[in-house]
>>> print(open('protein-v5.pdb').read())   # PDB, C-alpha atoms, pLDDT in the B column
ATOM      1  CA  MET H   1       0.000   0.000   0.000  1.00 56.00           C
ATOM      2  CA  GLU H   2       1.164   3.508  -0.730  1.00 76.00           C
ATOM      3  CA  LYS H   3       2.330   5.617   2.181  1.00 86.00           C
ATOM      4  CA  LEU H   4       0.527   8.913   2.882  1.00 89.00           C
ATOM      5  CA  VAL H   5       2.603  12.046   3.417  1.00 91.00           C
ATOM      6  CA  PHE H   6       1.083  15.299   4.732  1.00 95.00           C
ATOM      7  CA  LYS H   7       2.794  18.663   4.403  1.00 95.00           C
ATOM      8  CA  LYS H   8       2.114  22.373   4.670  1.00 97.00           C
ATOM      9  CA  CYS H   9       2.063  23.966   1.231  1.00 96.00           C
ATOM     10  CA  THR H  10       4.445  26.553  -0.105  1.00 96.00           C
ATOM     11  CA  ILE H  11       4.446  28.590  -3.288  1.00 96.00           C
ATOM     12  CA  ASP H  12       6.204  25.643  -4.974  1.00 96.00           C
ATOM     13  CA  ASP H  13       3.028  23.566  -4.460  1.00 96.00           C
ATOM     14  CA  VAL H  14       0.709  25.932  -6.374  1.00 97.00           C
ATOM     15  CA  PRO H  15       0.570  23.854  -9.601  1.00 96.00           C
ATOM     16  CA  ALA H  16      -0.260  20.681  -7.635  1.00 95.00           C
ATOM     17  CA  LEU H  17      -2.887  22.530  -5.576  1.00 96.00           C
ATOM     18  CA  ALA H  18      -4.545  23.981  -8.670  1.00 96.00           C
ATOM     19  CA  GLU H  19      -4.652  20.529 -10.244  1.00 96.00           C
ATOM     20  CA  ILE H  20      -5.968  18.611  -7.212  1.00 97.00           C
ATOM     21  CA  GLY H  21      -8.400  21.430  -6.413  1.00 96.00           C
ATOM     22  CA  ALA H  22      -9.996  21.317  -9.861  1.00 96.00           C
ATOM     23  CA  LEU H  23      -9.993  17.507  -9.965  1.00 97.00           C
ATOM     24  CA  THR H  24     -11.613  16.976  -6.576  1.00 97.00           C
ATOM     25  CA  PHE H  25     -14.174  19.758  -7.016  1.00 97.00           C
ATOM     26  CA  LYS H  26     -15.180  18.319 -10.380  1.00 97.00           C
ATOM     27  CA  GLU H  27     -15.367  14.765  -8.994  1.00 96.00           C
ATOM     28  CA  THR H  28     -17.530  15.932  -6.102  1.00 95.00           C
ATOM     29  CA  PHE H  29     -19.945  18.309  -7.833  1.00 96.00           C
ATOM     30  CA  ALA H  30     -19.971  17.897 -11.638  1.00 96.00           C
ATOM     31  CA  ALA H  31     -22.830  15.383 -11.710  1.00 95.00           C
ATOM     32  CA  GLU H  32     -25.245  17.821 -10.041  1.00 95.00           C
ATOM     33  CA  ASN H  33     -24.274  21.020 -11.844  1.00 96.00           C
ATOM     34  CA  THR H  34     -24.147  22.278 -15.410  1.00 97.00           C
ATOM     35  CA  GLU H  35     -20.958  22.074 -17.442  1.00 97.00           C
ATOM     36  CA  GLU H  36     -21.068  25.848 -17.939  1.00 97.00           C
ATOM     37  CA  ASP H  37     -21.290  26.622 -14.210  1.00 97.00           C
ATOM     38  CA  MET H  38     -18.555  24.112 -13.395  1.00 96.00           C
ATOM     39  CA  ALA H  39     -16.240  25.472 -16.100  1.00 97.00           C
ATOM     40  CA  LYS H  40     -16.748  29.073 -14.957  1.00 96.00           C
ATOM     41  CA  TYR H  41     -16.132  28.219 -11.299  1.00 96.00           C
ATOM     42  CA  LEU H  42     -13.072  26.071 -11.988  1.00 96.00           C
ATOM     43  CA  GLN H  43     -11.552  28.722 -14.261  1.00 95.00           C
ATOM     44  CA  GLU H  44     -12.110  31.488 -11.694  1.00 95.00           C
ATOM     45  CA  ASP H  45     -11.259  29.641  -8.478  1.00 94.00           C
ATOM     46  CA  PHE H  46      -8.625  27.065  -9.380  1.00 95.00           C
ATOM     47  CA  ASN H  47      -6.327  29.011 -11.666  1.00 94.00           C
ATOM     48  CA  GLU H  48      -2.719  29.192 -10.530  1.00 95.00           C
ATOM     49  CA  GLU H  49      -2.759  32.986 -10.087  1.00 96.00           C
ATOM     50  CA  LYS H  50      -5.610  32.795  -7.573  1.00 96.00           C
ATOM     51  CA  ILE H  51      -4.128  29.782  -5.764  1.00 97.00           C
ATOM     52  CA  TYR H  52      -0.765  31.564  -5.594  1.00 97.00           C
ATOM     53  CA  ALA H  53      -2.388  34.575  -3.884  1.00 97.00           C
ATOM     54  CA  GLU H  54      -4.221  32.285  -1.440  1.00 97.00           C
ATOM     55  CA  VAL H  55      -1.054  30.349  -0.530  1.00 97.00           C
ATOM     56  CA  ALA H  56       0.820  33.639  -0.068  1.00 97.00           C
ATOM     57  CA  ASP H  57      -1.854  34.955   2.348  1.00 98.00           C
ATOM     58  CA  LYS H  58      -0.421  34.757   5.874  1.00 97.00           C
ATOM     59  CA  ASP H  59      -3.907  34.047   7.274  1.00 97.00           C
ATOM     60  CA  SER H  60      -4.524  30.940   5.158  1.00 98.00           C
ATOM     61  CA  ILE H  61      -2.914  27.530   5.517  1.00 98.00           C
ATOM     62  CA  PHE H  62      -2.965  24.794   2.876  1.00 98.00           C
ATOM     63  CA  ILE H  63      -1.969  21.234   3.687  1.00 98.00           C
ATOM     64  CA  ILE H  64      -1.695  18.553   1.036  1.00 97.00           C
ATOM     65  CA  ALA H  65      -1.741  14.789   1.316  1.00 96.00           C
ATOM     66  CA  GLN H  66       0.403  12.901  -1.126  1.00 94.00           C
ATOM     67  CA  THR H  67       0.755   9.205  -1.809  1.00 89.00           C
ATOM     68  CA  GLU H  68       4.318   7.982  -1.871  1.00 82.00           C
ATOM     69  CA  SER H  69       5.299   5.000  -3.980  1.00 75.00           C
ATOM     70  CA  ASP H  70       8.122   3.888  -6.226  1.00 71.00           C
ATOM     71  CA  GLY H  71       6.824   6.324  -8.838  1.00 73.00           C
ATOM     72  CA  GLY H  72       7.336   9.297  -6.485  1.00 77.00           C
ATOM     73  CA  LEU H  73       4.767  11.565  -4.836  1.00 83.00           C
ATOM     74  CA  LYS H  74       1.261  12.100  -6.171  1.00 89.00           C
ATOM     75  CA  THR H  75      -1.138  14.644  -4.661  1.00 93.00           C
ATOM     76  CA  ALA H  76      -4.232  12.904  -3.278  1.00 95.00           C
ATOM     77  CA  ALA H  77      -6.042  15.571  -1.241  1.00 97.00           C
ATOM     78  CA  TYR H  78      -5.801  18.997   0.345  1.00 97.00           C
ATOM     79  CA  MET H  79      -7.200  21.178   3.092  1.00 98.00           C
ATOM     80  CA  LYS H  80      -7.408  24.957   3.375  1.00 98.00           C
ATOM     81  CA  VAL H  81      -8.084  26.796   6.642  1.00 98.00           C
ATOM     82  CA  ASN H  82      -8.450  30.538   7.182  1.00 98.00           C
ATOM     83  CA  PHE H  83      -8.073  32.945  10.067  1.00 98.00           C
ATOM     84  CA  PRO H  84     -10.576  35.870  10.178  1.00 96.00           C
ATOM     85  CA  SER H  85      -8.955  38.263   7.678  1.00 96.00           C
ATOM     86  CA  ALA H  86      -8.920  35.526   4.995  1.00 97.00           C
ATOM     87  CA  GLN H  87     -12.281  33.925   5.781  1.00 97.00           C
ATOM     88  CA  THR H  88     -14.985  33.637   3.133  1.00 95.00           C
ATOM     89  CA  GLU H  89     -17.487  35.329   5.473  1.00 93.00           C
ATOM     90  CA  LYS H  90     -16.744  38.281   7.736  1.00 93.00           C
ATOM     91  CA  GLY H  91     -17.849  38.616  11.334  1.00 94.00           C
ATOM     92  CA  TYR H  92     -16.523  35.369  12.782  1.00 95.00           C
ATOM     93  CA  GLU H  93     -13.756  36.778  14.943  1.00 95.00           C
ATOM     94  CA  ASN H  94     -11.647  34.466  17.108  1.00 97.00           C
ATOM     95  CA  SER H  95     -12.438  31.505  14.871  1.00 98.00           C
ATOM     96  CA  LEU H  96     -10.859  29.289  12.263  1.00 98.00           C
ATOM     97  CA  GLU H  97     -12.678  28.513   9.018  1.00 98.00           C
ATOM     98  CA  ILE H  98     -12.210  25.190   7.298  1.00 98.00           C
ATOM     99  CA  GLN H  99     -12.760  26.382   3.750  1.00 98.00           C
ATOM    100  CA  ARG H 100     -11.900  23.161   1.962  1.00 97.00           C
ATOM    101  CA  ILE H 101     -11.248  19.506   2.645  1.00 97.00           C
ATOM    102  CA  TYR H 102     -11.195  17.604  -0.642  1.00 96.00           C
ATOM    103  CA  VAL H 103      -9.982  14.070  -1.289  1.00 96.00           C
ATOM    104  CA  ALA H 104      -9.530  12.532  -4.746  1.00 96.00           C
ATOM    105  CA  LYS H 105     -12.086   9.815  -5.417  1.00 95.00           C
ATOM    106  CA  ALA H 106      -9.344   7.183  -5.807  1.00 92.00           C
ATOM    107  CA  CYS H 107      -8.052   7.950  -2.281  1.00 93.00           C
ATOM    108  CA  LYS H 108     -11.306   8.090  -0.321  1.00 93.00           C
ATOM    109  CA  GLY H 109     -11.760   5.702   2.574  1.00 92.00           C
ATOM    110  CA  ARG H 110      -8.177   6.032   3.811  1.00 92.00           C
ATOM    111  CA  GLY H 111      -8.880   8.408   6.719  1.00 94.00           C
ATOM    112  CA  ILE H 112      -7.473  11.464   4.968  1.00 96.00           C
ATOM    113  CA  GLY H 113     -10.513  13.634   5.746  1.00 96.00           C
ATOM    114  CA  SER H 114     -10.362  12.666   9.430  1.00 96.00           C
ATOM    115  CA  HIS H 115      -6.634  13.428   9.524  1.00 96.00           C
ATOM    116  CA  PHE H 116      -7.272  16.851   8.014  1.00 97.00           C
ATOM    117  CA  MET H 117     -10.060  17.515  10.517  1.00 98.00           C
ATOM    118  CA  GLU H 118      -7.770  16.657  13.436  1.00 97.00           C
ATOM    119  CA  LYS H 119      -5.069  18.912  11.970  1.00 97.00           C
ATOM    120  CA  ALA H 120      -7.548  21.800  11.609  1.00 98.00           C
ATOM    121  CA  LEU H 121      -8.662  21.386  15.231  1.00 98.00           C
ATOM    122  CA  GLU H 122      -5.012  21.250  16.328  1.00 98.00           C
ATOM    123  CA  ILE H 123      -4.287  24.514  14.467  1.00 98.00           C
ATOM    124  CA  ALA H 124      -7.367  26.084  16.065  1.00 98.00           C
ATOM    125  CA  ARG H 125      -6.333  25.028  19.575  1.00 98.00           C
ATOM    126  CA  GLU H 126      -2.737  26.195  19.069  1.00 98.00           C
ATOM    127  CA  ASN H 127      -4.102  29.604  18.074  1.00 97.00           C
ATOM    128  CA  LYS H 128      -6.596  29.663  20.962  1.00 98.00           C
ATOM    129  CA  VAL H 129      -9.661  30.342  18.828  1.00 98.00           C
ATOM    130  CA  GLU H 130     -13.132  29.853  20.320  1.00 98.00           C
ATOM    131  CA  TYR H 131     -14.575  27.733  17.522  1.00 98.00           C
ATOM    132  CA  VAL H 132     -14.072  26.244  14.075  1.00 98.00           C
ATOM    133  CA  TRP H 133     -16.669  26.788  11.350  1.00 98.00           C
ATOM    134  CA  LEU H 134     -17.297  25.834   7.734  1.00 98.00           C
ATOM    135  CA  GLY H 135     -19.808  26.013   4.901  1.00 98.00           C
ATOM    136  CA  VAL H 136     -21.118  22.857   3.244  1.00 98.00           C
ATOM    137  CA  TRP H 137     -23.465  22.582   0.261  1.00 97.00           C
ATOM    138  CA  GLU H 138     -26.956  21.574   1.361  1.00 97.00           C
ATOM    139  CA  LYS H 139     -26.903  18.674  -1.145  1.00 96.00           C
ATOM    140  CA  ASN H 140     -23.522  17.285  -0.030  1.00 96.00           C
ATOM    141  CA  TYR H 141     -25.076  14.766   2.356  1.00 96.00           C
ATOM    142  CA  LYS H 142     -21.911  12.723   2.940  1.00 94.00           C
ATOM    143  CA  ALA H 143     -19.950  15.806   3.972  1.00 96.00           C
ATOM    144  CA  ILE H 144     -22.755  17.029   6.237  1.00 98.00           C
ATOM    145  CA  LYS H 145     -22.805  13.638   7.990  1.00 97.00           C
ATOM    146  CA  PHE H 146     -18.994  13.652   8.277  1.00 97.00           C
ATOM    147  CA  TYR H 147     -19.035  17.087   9.941  1.00 98.00           C
ATOM    148  CA  GLN H 148     -21.894  16.131  12.257  1.00 98.00           C
ATOM    149  CA  ASP H 149     -19.957  13.006  13.286  1.00 97.00           C
ATOM    150  CA  LYS H 150     -17.013  15.279  14.123  1.00 98.00           C
ATOM    151  CA  GLY H 151     -19.190  17.405  16.437  1.00 98.00           C
ATOM    152  CA  PHE H 152     -20.176  20.271  14.130  1.00 98.00           C
ATOM    153  CA  VAL H 153     -23.676  21.736  14.442  1.00 98.00           C
ATOM    154  CA  PRO H 154     -25.613  24.013  12.072  1.00 97.00           C
ATOM    155  CA  PHE H 155     -25.757  27.717  12.931  1.00 97.00           C
ATOM    156  CA  GLY H 156     -26.859  29.410   9.711  1.00 97.00           C
ATOM    157  CA  GLU H 157     -26.549  29.410   5.958  1.00 96.00           C
ATOM    158  CA  HIS H 158     -25.163  31.514   3.138  1.00 95.00           C
ATOM    159  CA  THR H 159     -25.264  31.694  -0.636  1.00 96.00           C
ATOM    160  CA  PHE H 160     -22.409  30.142  -2.573  1.00 95.00           C
ATOM    161  CA  LEU H 161     -22.138  31.137  -6.221  1.00 96.00           C
ATOM    162  CA  LEU H 162     -21.137  28.204  -8.446  1.00 96.00           C
ATOM    163  CA  GLY H 163     -20.604  29.786 -11.839  1.00 95.00           C
ATOM    164  CA  ASN H 164     -23.885  31.644 -12.297  1.00 96.00           C
ATOM    165  CA  ASP H 165     -25.893  29.373  -9.975  1.00 97.00           C
ATOM    166  CA  PRO H 166     -26.579  30.665  -6.455  1.00 97.00           C
ATOM    167  CA  GLN H 167     -26.591  27.657  -4.090  1.00 97.00           C
ATOM    168  CA  THR H 168     -27.239  27.296  -0.380  1.00 97.00           C
ATOM    169  CA  ASP H 169     -24.453  26.267   1.975  1.00 97.00           C
ATOM    170  CA  TYR H 170     -25.179  25.318   5.558  1.00 98.00           C
ATOM    171  CA  LEU H 171     -22.849  26.937   8.053  1.00 98.00           C
ATOM    172  CA  MET H 172     -21.690  24.564  10.785  1.00 98.00           C
ATOM    173  CA  LYS H 173     -19.422  25.114  13.767  1.00 98.00           C
ATOM    174  CA  LYS H 174     -17.697  23.310  16.577  1.00 98.00           C
ATOM    175  CA  ILE H 175     -16.997  25.120  19.847  1.00 98.00           C
ATOM    176  CA  LEU H 176     -13.591  24.272  21.275  1.00 97.00           C
TER     177      LEU H 176
END
>>> encode(input="protein-v5.pdb", output="structure tokens")
Amino acid sequence: MEKLVFKKCTIDDVPALAEIGALTFKETFAAENTEEDMAKYLQEDFNEEKIYAEVADKDSIFIIAQTESDGGLKTAAYMKVNFPSAQTEKGYENSLEIQRIYVAKACKGRGIGSHFMEKALEIARENKVEYVWLGVWEKNYKAIKFYQDKGFVPFGEHTFLLGNDPQTDYLMKKIL
């Protein structure tokens, strides 16, 4: 079995992040959205220029999971967390946002999501924030169940624009 390696991302990881970001988003959401909306979102949110700016932001942290085998390292998943100035919603002071946890379909079931969740909670505790929060698409039932199992509870909702399609995300949080 391939070994999993987790590491904090640097600017050198931008191409891999852009690639795994687009792949995992497409794998997760393409079946329930139009090609046009997916293409627009992927072009706007997973281009290397945007990912570069996000990695360079001191209030965001990216961590990637890679599989290690004889063929070298291959990116399997990633997580992005944000402190208040980089969060996707304003007004959640003294918190940490989990903006993204995405695992490639071929690597699901290996505990990568749980590892990322534990790492996010560790980062939150080290920084003495009061709670961790996230947004999850109302139709992403597996993710909602995963977050509930990890102790997150709903506290609101917001609109997420996928291409030209306004969608509802549930906001969930876990008090530390």
>>> resolve_selection(input="protein-v5.pdb", expression="the PyMOL selection byres ((chain H and resi 144) around 12)", output="VMD selection string")
chain H and resid 134 to 143 145 to 154 169 to 173
>>> write_last_selection(input="protein-v5.pdb", atoms="C-alpha atoms", output="short mmCIF file (atom, residue, chain, number, x, y, z; two decimals), keeping the file's coordinate frame")
data_model
loop_
_atom_site.label_atom_id
_atom_site.label_comp_id
_atom_site.auth_asym_id
_atom_site.auth_seq_id
_atom_site.Cartn_x
_atom_site.Cartn_y
_atom_site.Cartn_z
CA LEU H 134 -17.30 25.83 7.73
CA GLY H 135 -19.81 26.01 4.90
CA VAL H 136 -21.12 22.86 3.24
CA TRP H 137 -23.46 22.58 0.26
CA GLU H 138 -26.96 21.57 1.36
CA LYS H 139 -26.90 18.67 -1.14
CA ASN H 140 -23.52 17.28 -0.03
CA TYR H 141 -25.08 14.77 2.36
CA LYS H 142 -21.91 12.72 2.94
CA ALA H 143 -19.95 15.81 3.97
CA LYS H 145 -22.80 13.64 7.99
CA PHE H 146 -18.99 13.65 8.28
CA TYR H 147 -19.04 17.09 9.94
CA GLN H 148 -21.89 16.13 12.26
CA ASP H 149 -19.96 13.01 13.29
CA LYS H 150 -17.01 15.28 14.12
CA GLY H 151 -19.19 17.40 16.44
CA PHE H 152 -20.18 20.27 14.13
CA VAL H 153 -23.68 21.74 14.44
CA PRO H 154 -25.61 24.01 12.07
CA ASP H 169 -24.45 26.27 1.98
CA TYR H 170 -25.18 25.32 5.56
CA LEU H 171 -22.85 26.94 8.05
CA MET H 172 -21.69 24.56 10.78
CA LYS H 173 -19.42 25.11 13.77
#
>>> resolve_selection(input="protein-v5.pdb", expression="the PyMOL selection byres ((chain H and resi 93-97) around 9)", output="JSON, numbers by chain")
{"H": [80, 81, 82, 83, 84, 85, 86, 87, 88, 90, 91, 92, 98, 99, 100, 120, 121, 123, 124, 127, 128, 129, 130, 131, 132, 133, 134, 135, 173]}
>>> resolve_selection(input="protein-v5.pdb", expression="the PyMOL selection byres ((chain H and resi 33-38) around 12)", output="number ranges by chain")
H: 22-23, 25-32, 39-46, 139, 161-167
>>> write_last_selection(input="protein-v5.pdb", atoms="C-alpha atoms", output="compact mmCIF listing (two decimals), in the frame of the given file")
# COMPACT_ATOMS: atom_id res chain seq x y z
CA ALA H 22 -10.00 21.32 -9.86
CA LEU H 23 -9.99 17.51 -9.96
CA PHE H 25 -14.17 19.76 -7.02
CA LYS H 26 -15.18 18.32 -10.38
CA GLU H 27 -15.37 14.76 -8.99
CA THR H 28 -17.53 15.93 -6.10
CA PHE H 29 -19.94 18.31 -7.83
CA ALA H 30 -19.97 17.90 -11.64
CA ALA H 31 -22.83 15.38 -11.71
CA GLU H 32 -25.24 17.82 -10.04
CA ALA H 39 -16.24 25.47 -16.10
CA LYS H 40 -16.75 29.07 -14.96
CA TYR H 41 -16.13 28.22 -11.30
CA LEU H 42 -13.07 26.07 -11.99
CA GLN H 43 -11.55 28.72 -14.26
CA GLU H 44 -12.11 31.49 -11.69
CA ASP H 45 -11.26 29.64 -8.48
CA PHE H 46 -8.62 27.06 -9.38
CA LYS H 139 -26.90 18.67 -1.14
CA LEU H 161 -22.14 31.14 -6.22
CA LEU H 162 -21.14 28.20 -8.45
CA GLY H 163 -20.60 29.79 -11.84
CA ASN H 164 -23.88 31.64 -12.30
CA ASP H 165 -25.89 29.37 -9.98
CA PRO H 166 -26.58 30.66 -6.46
CA GLN H 167 -26.59 27.66 -4.09
>>> closest_atom_pairs(input="protein-v5.pdb", of="segment 25-93 of chain H", to="segment 8-15 of chain H", cutoff="6 Å", atoms="only C-alpha atoms", output="tab-separated table")
residue	atom	partner	partner_atom	distance
H:Tyr52	CA	H:Val14	CA	5.9
H:Phe62	CA	H:Cys9	CA	5.4
H:Ile63	CA	H:Lys8	CA	4.4
>>> atom_distance(input="protein-v5.pdb", atom1="atom CA of Lys119 of chain H", atom2="atom CA of Phe160 of chain H")
25.3 Å
>>> closest_residue(input="protein-v5.pdb", among="H:Gly71, H:Gly21, H:His158, H:Lys105", to="Glu89 of chain H", atoms="all atoms listed in the file")
H:His158
>>> closest_residue(input="protein-v5.pdb", among="H:Lys3, H:Lys50, H:His115, H:Arg125", to="Tyr78 of chain H", atoms="all atoms listed in the file")
H:His115
>>> closest_residue(input="protein-v5.pdb", among="H:Glu48, H:Thr159, H:Ala16, H:Gly113", to="Thr75 of chain H", atoms="only C-alpha atoms")
H:Ala16
>>> closest_residue(input="protein-v5.pdb", among="H:Glu122, H:Glu49, H:Glu2, H:Glu19", to="Ile64 of chain H", atoms="all atoms listed in the file")
H:Glu19
>>> atom_distance(input="protein-v5.pdb", atom1="atom CA of Leu4 of chain H", atom2="atom CA of Ile101 of chain H")
15.8 Å
>>> atom_distance(input="protein-v5.pdb", atom1="atom CA of Lys108 of chain H", atom2="atom CA of Ala76 of chain H")
9.1 Å
